[in-house]
$ cat model19.cif   # mmCIF, C-alpha atoms
data_final
loop_
_atom_site.group_PDB
_atom_site.id
_atom_site.type_symbol
_atom_site.label_atom_id
_atom_site.label_comp_id
_atom_site.auth_asym_id
_atom_site.auth_seq_id
_atom_site.Cartn_x
_atom_site.Cartn_y
_atom_site.Cartn_z
ATOM 1 C CA MET D 9 80.585 -25.930 88.804
ATOM 2 C CA ASN D 10 82.339 -27.357 85.743
ATOM 3 C CA VAL D 11 80.700 -26.080 82.545
ATOM 4 C CA SER D 12 81.220 -27.705 79.172
ATOM 5 C CA PRO D 13 83.131 -25.425 76.762
ATOM 6 C CA VAL D 14 80.557 -26.147 74.055
ATOM 7 C CA PHE D 15 77.714 -25.139 76.371
ATOM 8 C CA LEU D 16 79.592 -22.006 77.455
ATOM 9 C CA ALA D 17 80.236 -20.980 73.854
ATOM 10 C CA PHE D 18 76.604 -21.609 72.952
ATOM 11 C CA LEU D 19 75.361 -19.694 76.005
ATOM 12 C CA LEU D 20 77.581 -16.666 75.377
ATOM 13 C CA THR D 21 76.662 -16.545 71.704
ATOM 14 C CA VAL D 22 72.961 -16.762 72.541
ATOM 15 C CA LEU D 23 73.273 -14.041 75.195
ATOM 16 C CA ALA D 24 75.077 -11.720 72.810
ATOM 17 C CA GLY D 25 72.459 -12.382 70.135
ATOM 18 C CA LEU D 26 69.611 -11.829 72.590
ATOM 19 C CA ALA D 27 71.108 -8.545 73.759
ATOM 20 C CA THR D 28 71.405 -7.414 70.157
ATOM 21 C CA GLY D 29 67.875 -8.588 69.407
ATOM 22 C CA LEU D 30 66.493 -6.894 72.514
ATOM 23 C CA GLY D 31 67.967 -3.595 71.437
ATOM 24 C CA SER D 32 66.404 -4.025 68.018
ATOM 25 C CA MET D 33 63.018 -5.006 69.438
ATOM 26 C CA ILE D 34 62.895 -1.935 71.657
ATOM 27 C CA THR D 35 63.408 0.312 68.668
ATOM 28 C CA LEU D 36 60.802 -1.559 66.610
ATOM 29 C CA VAL D 37 58.137 -1.655 69.339
ATOM 30 C CA SER D 38 58.428 1.891 70.601
ATOM 31 C CA LYS D 39 56.096 4.321 68.888
ATOM 32 C CA ARG D 40 58.510 7.179 69.074
ATOM 33 C CA THR D 41 62.235 6.639 69.017
ATOM 34 C CA SER D 42 64.771 9.346 69.552
ATOM 35 C CA PRO D 43 68.042 9.386 67.615
ATOM 36 C CA ARG D 44 69.872 9.477 70.945
ATOM 37 C CA PHE D 45 68.137 6.278 72.081
ATOM 38 C CA LEU D 46 68.954 4.536 68.786
ATOM 39 C CA SER D 47 72.575 5.571 69.074
ATOM 40 C CA LEU D 48 72.732 4.333 72.655
ATOM 41 C CA SER D 49 71.035 1.003 71.803
ATOM 42 C CA LEU D 50 73.239 0.249 68.817
ATOM 43 C CA GLY D 51 76.330 1.162 70.821
ATOM 44 C CA PHE D 52 75.147 -1.091 73.661
ATOM 45 C CA SER D 53 74.710 -4.025 71.283
ATOM 46 C CA ALA D 54 78.179 -3.455 69.846
ATOM 47 C CA GLY D 55 79.659 -3.262 73.354
ATOM 48 C CA VAL D 56 78.130 -6.584 74.352
ATOM 49 C CA MET D 57 79.314 -8.279 71.169
ATOM 50 C CA ILE D 58 82.834 -6.852 71.305
ATOM 51 C CA PHE D 59 83.350 -7.710 74.972
ATOM 52 C CA VAL D 60 82.018 -11.265 74.643
ATOM 53 C CA SER D 61 84.065 -11.814 71.486
ATOM 54 C CA LEU D 62 87.388 -10.603 72.807
ATOM 55 C CA VAL D 63 87.138 -11.715 76.424
ATOM 56 C CA GLU D 64 85.147 -14.932 76.396
ATOM 57 C CA LEU D 65 85.050 -16.456 72.921
ATOM 58 C CA PHE D 66 88.633 -15.655 71.944
ATOM 59 C CA GLY D 67 89.931 -16.675 75.376
ATOM 60 C CA GLU D 68 88.117 -20.011 75.276
ATOM 61 C CA ALA D 69 89.278 -20.604 71.690
ATOM 62 C CA ARG D 70 92.869 -19.985 72.740
ATOM 63 C CA HIS D 71 92.438 -22.333 75.711
ATOM 64 C CA GLN D 72 90.980 -25.119 73.552
ATOM 65 C CA LEU D 73 93.681 -24.838 70.894
ATOM 66 C CA SER D 74 96.486 -24.511 73.455
ATOM 67 C CA ALA D 75 95.460 -27.839 74.952
ATOM 68 C CA LEU D 76 96.214 -29.393 71.563
ATOM 69 C CA TRP D 77 99.146 -27.379 70.293
ATOM 70 C CA GLY D 78 100.713 -25.686 73.311
ATOM 71 C CA ALA D 79 100.528 -22.016 74.297
ATOM 72 C CA ARG D 80 102.189 -20.567 71.193
ATOM 73 C CA GLY D 81 100.361 -22.834 68.721
ATOM 74 C CA GLY D 82 97.062 -22.220 70.494
ATOM 75 C CA MET D 83 97.520 -18.466 70.253
ATOM 76 C CA TRP D 84 98.345 -18.638 66.552
ATOM 77 C CA GLY D 85 95.389 -20.953 65.941
ATOM 78 C CA ALA D 86 92.996 -18.601 67.754
ATOM 79 C CA VAL D 87 94.370 -15.588 65.869
ATOM 80 C CA GLY D 88 94.007 -17.447 62.569
ATOM 81 C CA GLY D 89 90.430 -18.453 63.375
ATOM 82 C CA PHE D 90 89.566 -14.910 64.470
ATOM 83 C CA PHE D 91 90.795 -13.258 61.281
ATOM 84 C CA GLY D 92 89.437 -16.159 59.247
ATOM 85 C CA GLY D 93 85.995 -15.396 60.693
ATOM 86 C CA MET D 94 86.386 -11.733 59.840
ATOM 87 C CA ALA D 95 87.467 -12.596 56.310
ATOM 88 C CA LEU D 96 84.571 -15.022 55.893
ATOM 89 C CA ILE D 97 81.898 -12.518 56.923
ATOM 90 C CA ALA D 98 83.552 -9.795 54.821
ATOM 91 C CA LEU D 99 83.488 -12.146 51.819
ATOM 92 C CA ILE D 100 79.847 -13.043 52.445
ATOM 93 C CA ASP D 101 79.019 -9.354 52.818
ATOM 94 C CA ARG D 102 80.748 -8.662 49.518
ATOM 95 C CA LEU D 103 79.291 -11.575 47.544
ATOM 96 C CA VAL D 104 75.671 -11.343 48.661
ATOM 97 C CA PRO D 105 73.826 -8.993 46.299
ATOM 98 C CA PRO D 106 72.779 -5.726 47.994
ATOM 99 C CA ALA D 107 69.115 -6.429 47.224
ATOM 100 C CA VAL D 108 69.093 -9.472 49.536
ATOM 101 C CA ASN D 109 71.868 -8.533 51.957
ATOM 102 C CA PRO D 110 70.355 -7.735 55.361
ATOM 103 C CA HIS D 111 73.260 -5.364 56.027
ATOM 104 C CA GLU D 112 72.320 -3.139 53.121
ATOM 105 C CA ALA D 113 69.563 -0.582 53.491
ATOM 106 C CA ARG D 114 66.882 -0.917 50.854
ATOM 107 C CA ALA D 115 63.289 0.056 50.287
ATOM 108 C CA LYS D 116 60.635 -2.389 51.527
ATOM 109 C CA GLU D 117 58.912 -2.411 48.153
ATOM 110 C CA ALA D 118 62.088 -3.436 46.356
ATOM 111 C CA ALA D 119 62.692 -6.221 48.880
ATOM 112 C CA ARG D 120 59.301 -7.793 48.151
ATOM 113 C CA HIS D 121 60.098 -8.248 44.478
ATOM 114 C CA GLU D 122 63.565 -9.740 44.909
ATOM 115 C CA ALA D 123 64.184 -13.443 44.409
ATOM 116 C CA VAL D 124 66.985 -15.379 46.049
ATOM 117 C CA ASP D 125 68.815 -18.125 44.199
ATOM 118 C CA SER D 126 68.645 -21.082 46.567
ATOM 119 C CA HIS D 127 71.141 -23.148 44.583
ATOM 120 C CA SER D 128 74.184 -21.172 45.686
ATOM 121 C CA CYS D 129 75.105 -23.564 48.491
ATOM 122 C CA ASP D 130 75.610 -27.321 48.361
ATOM 123 C CA ASP D 131 73.886 -28.299 51.617
ATOM 124 C CA THR D 132 74.503 -32.011 51.077
ATOM 125 C CA LEU D 133 78.267 -31.564 50.885
ATOM 126 C CA THR D 134 78.251 -29.263 53.909
ATOM 127 C CA SER D 135 76.200 -31.773 55.921
ATOM 128 C CA ARG D 136 78.531 -34.637 55.009
ATOM 129 C CA ARG D 137 81.602 -32.683 56.070
ATOM 130 C CA GLY D 138 79.972 -31.705 59.354
ATOM 131 C CA ALA D 139 78.940 -35.295 60.087
ATOM 132 C CA LYS D 140 82.452 -36.548 59.300
ATOM 133 C CA LEU D 141 83.945 -33.941 61.628
ATOM 134 C CA LEU D 142 81.590 -35.031 64.411
ATOM 135 C CA ARG D 143 82.280 -38.746 63.807
ATOM 136 C CA THR D 144 86.041 -38.289 64.013
ATOM 137 C CA GLY D 145 85.637 -36.415 67.288
ATOM 138 C CA ALA D 146 87.827 -33.574 66.075
ATOM 139 C CA LEU D 147 87.367 -31.241 69.028
ATOM 140 C CA THR D 148 90.159 -29.153 67.421
ATOM 141 C CA ALA D 149 87.360 -27.539 65.423
ATOM 142 C CA LEU D 150 85.784 -26.036 68.569
ATOM 143 C CA GLY D 151 88.637 -23.583 69.047
ATOM 144 C CA PHE D 152 88.426 -22.473 65.431
ATOM 145 C CA ILE D 153 84.655 -22.110 65.625
ATOM 146 C CA LEU D 154 84.863 -19.999 68.775
ATOM 147 C CA SER D 155 87.562 -17.723 67.392
ATOM 148 C CA GLY D 156 85.792 -17.521 64.016
ATOM 149 C CA VAL D 157 82.521 -16.492 65.665
ATOM 150 C CA ALA D 158 84.441 -13.885 67.662
ATOM 151 C CA GLY D 159 85.859 -12.476 64.428
ATOM 152 C CA ILE D 160 82.417 -12.403 62.818
ATOM 153 C CA MET D 161 80.905 -10.587 65.810
ATOM 154 C CA ILE D 162 83.701 -8.021 65.859
ATOM 155 C CA TYR D 163 83.306 -7.414 62.119
ATOM 156 C CA ILE D 164 79.555 -6.855 62.449
ATOM 157 C CA SER D 165 80.076 -4.549 65.422
ATOM 158 C CA LEU D 166 82.715 -2.443 63.686
ATOM 159 C CA ASP D 167 81.265 -2.519 60.183
ATOM 160 C CA GLU D 168 77.546 -2.194 60.917
ATOM 161 C CA LEU D 169 76.548 -1.430 64.506
ATOM 162 C CA LEU D 170 78.977 1.316 65.478
ATOM 163 C CA PRO D 171 78.802 3.228 62.169
ATOM 164 C CA SER D 172 74.985 3.133 62.346
ATOM 165 C CA ALA D 173 75.074 4.237 65.982
ATOM 166 C CA HIS D 174 77.417 7.081 65.085
ATOM 167 C CA GLU D 175 74.950 8.349 62.465
ATOM 168 C CA TYR D 176 72.310 8.834 65.168
ATOM 169 C CA GLY D 177 74.504 10.782 67.569
ATOM 170 C CA LYS D 178 77.288 10.751 70.110
ATOM 171 C CA SER D 179 75.516 8.483 72.619
ATOM 172 C CA HIS D 180 76.995 5.405 70.950
ATOM 173 C CA LEU D 181 80.127 5.636 73.095
ATOM 174 C CA ALA D 182 78.082 5.565 76.305
ATOM 175 C CA GLY D 183 76.137 2.596 74.941
ATOM 176 C CA LEU D 184 79.350 0.845 73.950
ATOM 177 C CA ALA D 185 80.819 1.260 77.432
ATOM 178 C CA GLY D 186 77.503 0.293 79.032
ATOM 179 C CA GLY D 187 77.226 -2.923 77.017
ATOM 180 C CA MET D 188 80.797 -3.869 77.855
ATOM 181 C CA GLY D 189 80.279 -2.973 81.520
ATOM 182 C CA ILE D 190 77.117 -5.034 81.888
ATOM 183 C CA MET D 191 78.751 -8.059 80.256
ATOM 184 C CA ALA D 192 81.873 -7.661 82.404
ATOM 185 C CA VAL D 193 79.858 -7.505 85.612
ATOM 186 C CA SER D 194 77.579 -10.384 84.630
ATOM 187 C CA LEU D 195 80.563 -12.570 83.746
ATOM 188 C CA ALA D 196 82.358 -11.622 86.968
ATOM 189 C CA LEU D 197 79.251 -12.490 88.996
ATOM 190 C CA GLY D 198 78.832 -15.743 87.095
ATOM 191 C CA ILE D 199 75.452 -14.759 85.658
ATOM 192 C CA ALA D 200 76.465 -15.249 82.040
#

$ encode --input "model19.cif" --output "C-alpha coordinates"
Amino acid sequence: MNVSPVFLAFLLTVLAGLATGLGSMITLVSKRTSPRFLSLSLGFSAGVMIFVSLVELFGEARHQLSALWGARGGMWGAVGGFFGGMALIALIDRLVPPAVNPHEARAKEAARHEAVDSHSCDDTLTSRRGAKLLRTGALTALGFILSGVAGIMIYISLDELLPSAHEYGKSHLAGLAGGMGIMAVSLALGIA
(Lines of atoms letter the chains of each structure in order from A and count residues from 1; the text may use other names and numbers.)
(Lines give C-alpha, C1' and ligand atoms only; values in the text may rest on other atoms or scores of the structure.)
Protein backbone atom coordinates (compact mmCIF):
# COMPACT_ATOMS: atom_id res chain seq x y z
CA MET A 1 0.00 0.00 0.00
CA ASN A 2 1.44 3.36 -1.06
CA VAL A 3 0.72 6.02 1.57
CA SER A 4 0.98 9.73 0.88
CA PRO A 5 3.82 11.36 2.86
CA VAL A 6 1.46 14.14 3.93
CA PHE A 7 -1.07 11.62 5.23
CA LEU A 8 1.68 9.66 7.01
CA ALA A 9 3.02 12.79 8.68
CA PHE A 10 -0.48 13.82 9.73
CA LEU A 11 -1.27 10.33 11.03
CA LEU A 12 1.93 10.04 13.06
CA THR A 13 1.51 13.50 14.54
CA VAL A 14 -2.09 12.75 15.48
CA LEU A 15 -1.12 9.41 17.04
CA ALA A 16 1.64 11.00 19.09
CA GLY A 17 -0.75 13.74 20.22
CA LEU A 18 -3.45 11.21 21.08
CA ALA A 19 -1.02 9.12 23.11
CA THR A 20 0.04 12.23 25.01
CA GLY A 21 -3.57 13.27 25.49
CA LEU A 22 -4.58 9.79 26.63
CA GLY A 23 -1.92 9.85 29.31
CA SER A 24 -3.17 13.23 30.46
CA MET A 25 -6.81 12.15 30.45
CA ILE A 26 -6.07 9.11 32.60
CA THR A 27 -4.47 11.30 35.23
CA LEU A 28 -7.34 13.81 35.12
CA VAL A 29 -10.14 11.22 35.26
CA SER A 30 -8.74 8.96 37.94
CA LYS A 31 -9.86 9.85 41.44
CA ARG A 32 -6.62 8.84 43.02
CA THR A 33 -3.35 9.07 41.18
CA SER A 34 -0.09 7.77 42.48
CA PRO A 35 3.17 9.63 41.84
CA ARG A 36 4.55 6.43 40.31
CA PHE A 37 1.68 6.29 37.81
CA LEU A 38 2.17 9.96 36.88
CA SER A 39 5.87 9.40 36.37
CA LEU A 40 5.19 6.35 34.22
CA SER A 41 2.52 8.15 32.14
CA LEU A 42 4.62 11.23 31.49
CA GLY A 43 7.60 9.06 30.59
CA PHE A 44 5.40 7.02 28.24
CA SER A 45 4.20 10.16 26.47
CA ALA A 46 7.77 11.38 26.08
CA GLY A 47 8.85 7.98 24.73
CA VAL A 48 6.14 8.01 22.07
CA MET A 49 6.97 11.56 21.02
CA ILE A 50 10.73 11.03 20.94
CA PHE A 51 10.52 7.79 18.97
CA VAL A 52 8.05 9.15 16.40
CA SER A 53 10.09 12.34 16.04
CA LEU A 54 13.47 10.74 15.51
CA VAL A 55 12.46 7.62 13.61
CA GLU A 56 9.47 8.59 11.51
CA LEU A 57 9.20 12.36 11.16
CA PHE A 58 12.92 13.07 10.81
CA GLY A 59 13.39 10.11 8.47
CA GLU A 60 10.53 11.19 6.22
CA ALA A 61 11.78 14.80 6.26
CA ARG A 62 15.22 13.63 5.18
CA HIS A 63 13.67 11.49 2.43
CA GLN A 64 11.55 14.37 1.11
CA LEU A 65 14.44 16.84 1.10
CA SER A 66 16.89 14.32 -0.37
CA ALA A 67 14.60 13.87 -3.35
CA LEU A 68 15.10 17.58 -4.06
CA TRP A 69 18.68 18.21 -3.02
CA GLY A 70 20.41 14.83 -2.94
CA ALA A 71 21.44 12.79 0.10
CA ARG A 72 23.83 15.33 1.64
CA GLY A 73 21.59 18.36 1.00
CA GLY A 74 18.56 16.46 2.27
CA MET A 75 20.34 15.58 5.49
CA TRP A 76 21.44 19.17 6.07
CA GLY A 77 17.94 20.42 5.28
CA ALA A 78 16.36 17.98 7.75
CA VAL A 79 18.91 18.89 10.43
CA GLY A 80 18.26 22.59 9.84
CA GLY A 81 14.49 22.10 10.05
CA PHE A 82 14.84 19.99 13.21
CA PHE A 83 16.90 22.55 15.10
CA GLY A 84 14.83 25.35 13.61
CA GLY A 85 11.75 23.72 15.16
CA MET A 86 13.51 23.45 18.49
CA ALA A 87 14.58 27.08 18.31
CA LEU A 88 11.07 28.18 17.36
CA ILE A 89 9.37 26.44 20.28
CA ALA A 90 12.10 27.64 22.66
CA LEU A 91 11.52 31.21 21.44
CA ILE A 92 7.75 30.86 21.82
CA ASP A 93 8.26 29.40 25.30
CA ARG A 94 10.46 32.35 26.19
CA LEU A 95 8.28 35.10 24.70
CA VAL A 96 4.88 33.94 25.94
CA PRO A 97 4.25 35.48 29.36
CA PRO A 98 4.26 32.89 32.17
CA ALA A 99 0.69 33.81 33.12
CA VAL A 100 -0.66 32.51 29.79
CA ASN A 101 2.00 29.94 28.92
CA PRO A 102 0.52 26.44 29.24
CA HIS A 103 3.99 25.11 30.07
CA GLU A 104 4.22 27.22 33.20
CA ALA A 105 2.53 26.09 36.39
CA ARG A 106 0.20 28.69 37.82
CA ALA A 107 -2.73 28.92 40.18
CA LYS A 108 -6.20 28.45 38.65
CA GLU A 109 -7.45 31.67 40.21
CA ALA A 110 -4.67 33.71 38.63
CA ALA A 111 -5.37 32.13 35.23
CA ARG A 112 -9.00 33.28 35.30
CA HIS A 113 -8.04 36.92 35.63
CA GLU A 114 -5.39 36.98 32.90
CA ALA A 115 -6.08 38.56 29.53
CA VAL A 116 -4.35 37.59 26.32
CA ASP A 117 -3.43 40.18 23.72
CA SER A 118 -4.89 38.80 20.50
CA HIS A 119 -3.10 41.33 18.30
CA SER A 120 0.31 39.70 18.61
CA CYS A 121 0.02 37.74 15.37
CA ASP A 122 -0.84 38.99 11.89
CA ASP A 123 -3.13 36.16 10.76
CA THR A 124 -3.82 37.79 7.39
CA LEU A 125 -0.15 37.86 6.44
CA THR A 126 0.34 34.29 7.64
CA SER A 127 -2.67 33.10 5.62
CA ARG A 128 -1.43 34.84 2.47
CA ARG A 129 2.00 33.26 2.77
CA GLY A 130 0.49 29.83 3.32
CA ALA A 131 -1.82 30.19 0.32
CA LYS A 132 1.07 31.34 -1.87
CA LEU A 133 3.14 28.35 -0.77
CA LEU A 134 0.27 26.00 -1.63
CA ARG A 135 -0.35 27.69 -5.01
CA THR A 136 3.29 27.38 -6.06
CA GLY A 137 3.23 23.69 -5.16
CA ALA A 138 6.41 24.01 -3.12
CA LEU A 139 6.50 20.50 -1.71
CA THR A 140 10.00 21.43 -0.45
CA ALA A 141 8.19 22.83 2.58
CA LEU A 142 6.93 19.38 3.62
CA GLY A 143 10.40 18.20 4.60
CA PHE A 144 10.98 21.32 6.67
CA ILE A 145 7.59 21.01 8.33
CA LEU A 146 8.20 17.37 9.25
CA SER A 147 11.67 18.03 10.65
CA GLY A 148 10.45 21.18 12.42
CA VAL A 149 7.61 19.28 14.09
CA ALA A 150 10.11 16.61 15.13
CA GLY A 151 12.27 19.29 16.75
CA ILE A 152 9.27 20.78 18.54
CA MET A 153 8.19 17.38 19.88
CA ILE A 154 11.70 16.58 21.10
CA TYR A 155 11.94 19.97 22.83
CA ILE A 156 8.62 19.46 24.62
CA SER A 157 9.61 15.94 25.64
CA LEU A 158 13.00 16.98 27.01
CA ASP A 159 12.00 20.34 28.46
CA GLU A 160 8.58 19.53 29.93
CA LEU A 161 7.55 15.87 29.97
CA LEU A 162 10.68 14.13 31.23
CA PRO A 163 11.54 16.72 33.91
CA SER A 164 7.95 16.56 35.20
CA ALA A 165 8.04 12.76 35.13
CA HIS A 166 11.32 12.78 37.02
CA GLU A 167 9.76 14.89 39.79
CA TYR A 168 7.20 12.15 40.45
CA GLY A 169 9.67 9.29 40.69
CA LYS A 170 11.98 6.89 38.92
CA SER A 171 9.26 5.16 36.87
CA HIS A 172 9.71 7.68 34.06
CA LEU A 173 12.48 5.58 32.51
CA ALA A 174 10.21 2.53 32.31
CA GLY A 175 7.49 4.70 30.78
CA LEU A 176 9.96 6.19 28.31
CA ALA A 177 11.10 2.75 27.16
CA GLY A 178 7.51 1.49 27.09
CA GLY A 179 6.32 4.37 24.91
CA MET A 180 9.21 3.88 22.51
CA GLY A 181 8.66 0.11 22.48
CA ILE A 182 4.95 0.35 21.72
CA MET A 183 5.57 2.82 18.89
CA ALA A 184 8.38 0.67 17.49
CA VAL A 185 6.22 -2.45 17.48
CA SER A 186 3.19 -0.67 16.05
CA LEU A 187 5.27 0.85 13.25
CA ALA A 188 6.94 -2.50 12.52
CA LEU A 189 3.53 -4.20 12.34
CA GLY A 190 2.18 -1.41 10.15
CA ILE A 191 -0.45 -0.36 12.68
CA ALA A 192 0.69 3.25 12.88

$ resolve_selection --input "model19.cif" --expression "the PyMOL selection byres ((chain D and resi 71) around 12)" --output "ChimeraX atom specification"
/D:13,63-70,72-86,148,150-152,154-155

$ write_last_selection --input "model19.cif" --atoms "C-alpha atoms" --output "CSV table (one decimal), in the frame of the given file"
chain,number,residue,atom,x,y,z
D,13,PRO,CA,83.1,-25.4,76.8
D,63,VAL,CA,87.1,-11.7,76.4
D,64,GLU,CA,85.1,-14.9,76.4
D,65,LEU,CA,85.0,-16.5,72.9
D,66,PHE,CA,88.6,-15.7,71.9
D,67,GLY,CA,89.9,-16.7,75.4
D,68,GLU,CA,88.1,-20.0,75.3
D,69,ALA,CA,89.3,-20.6,71.7
D,70,ARG,CA,92.9,-20.0,72.7
D,72,GLN,CA,91.0,-25.1,73.6
D,73,LEU,CA,93.7,-24.8,70.9
D,74,SER,CA,96.5,-24.5,73.5
D,75,ALA,CA,95.5,-27.8,75.0
D,76,LEU,CA,96.2,-29.4,71.6
D,77,TRP,CA,99.1,-27.4,70.3
D,78,GLY,CA,100.7,-25.7,73.3
D,79,ALA,CA,100.5,-22.0,74.3
D,80,ARG,CA,102.2,-20.6,71.2
D,81,GLY,CA,100.4,-22.8,68.7
D,82,GLY,CA,97.1,-22.2,70.5
D,83,MET,CA,97.5,-18.5,70.3
D,84,TRP,CA,98.3,-18.6,66.6
D,85,GLY,CA,95.4,-21.0,65.9
D,86,ALA,CA,93.0,-18.6,67.8
D,148,THR,CA,90.2,-29.2,67.4
D,150,LEU,CA,85.8,-26.0,68.6
D,151,GLY,CA,88.6,-23.6,69.0
D,152,PHE,CA,88.4,-22.5,65.4
D,154,LEU,CA,84.9,-20.0,68.8
D,155,SER,CA,87.6,-17.7,67.4

$ closest_residue --input "model19.cif" --among "D:Ile160, D:Leu169, D:Ala98, D:Val11" --to "Val60 in chain D" --atoms "only C-alpha atoms"
D:Ile160

$ atom_distance --input "model19.cif" --atom1 "CA of Val14 in chain D" --atom2 "CA of Ala149 in chain D"
11.1 Å

$ atom_distance --input "model19.cif" --atom1 "CA of Phe90 in chain D" --atom2 "CA of Val157 in chain D"
7.3 Å

$ atom_distance --input "model19.cif" --atom1 "CA of Leu48 in chain D" --atom2 "CA of Leu170 in chain D"
10.0 Å

$ residues_near_point --input "model19.cif" --point "(74.8, 5.3, 61.9)" --cutoff "12 Å" --atoms "all atoms listed in the file" --output "CSV table (one decimal) with C-alpha atoms, in the coordinates of the input"
chain,number,residue,atom,x,y,z
D,43,PRO,CA,68.0,9.4,67.6
D,44,ARG,CA,69.9,9.5,70.9
D,46,LEU,CA,69.0,4.5,68.8
D,47,SER,CA,72.6,5.6,69.1
D,48,LEU,CA,72.7,4.3,72.7
D,49,SER,CA,71.0,1.0,71.8
D,50,LEU,CA,73.2,0.2,68.8
D,51,GLY,CA,76.3,1.2,70.8
D,113,ALA,CA,69.6,-0.6,53.5
D,165,SER,CA,80.1,-4.5,65.4
D,166,LEU,CA,82.7,-2.4,63.7
D,167,ASP,CA,81.3,-2.5,60.2
D,168,GLU,CA,77.5,-2.2,60.9
D,169,LEU,CA,76.5,-1.4,64.5
D,170,LEU,CA,79.0,1.3,65.5
D,171,PRO,CA,78.8,3.2,62.2
D,172,SER,CA,75.0,3.1,62.3
D,173,ALA,CA,75.1,4.2,66.0
D,174,HIS,CA,77.4,7.1,65.1
D,175,GLU,CA,75.0,8.3,62.5
D,176,TYR,CA,72.3,8.8,65.2
D,177,GLY,CA,74.5,10.8,67.6
D,178,LYS,CA,77.3,10.8,70.1
D,179,SER,CA,75.5,8.5,72.6
D,180,HIS,CA,77.0,5.4,71.0

$ residues_around --input "model19.cif" --residues "Phe52 in chain D" --least-positions-apart "5" --cutoff "12 Å" --atoms "only C-alpha atoms" --output "NGL selection string"
:D and (24 or 27-32 or 45-47 or 57-59 or 165 or 169-170 or 173 or 179-191)

$ closest_residue --input "model19.cif" --among "D:Val22, D:Gly198, D:Ala95, D:Tyr163" --to "Ala54 in chain D" --atoms "all atoms listed in the file"
D:Tyr163
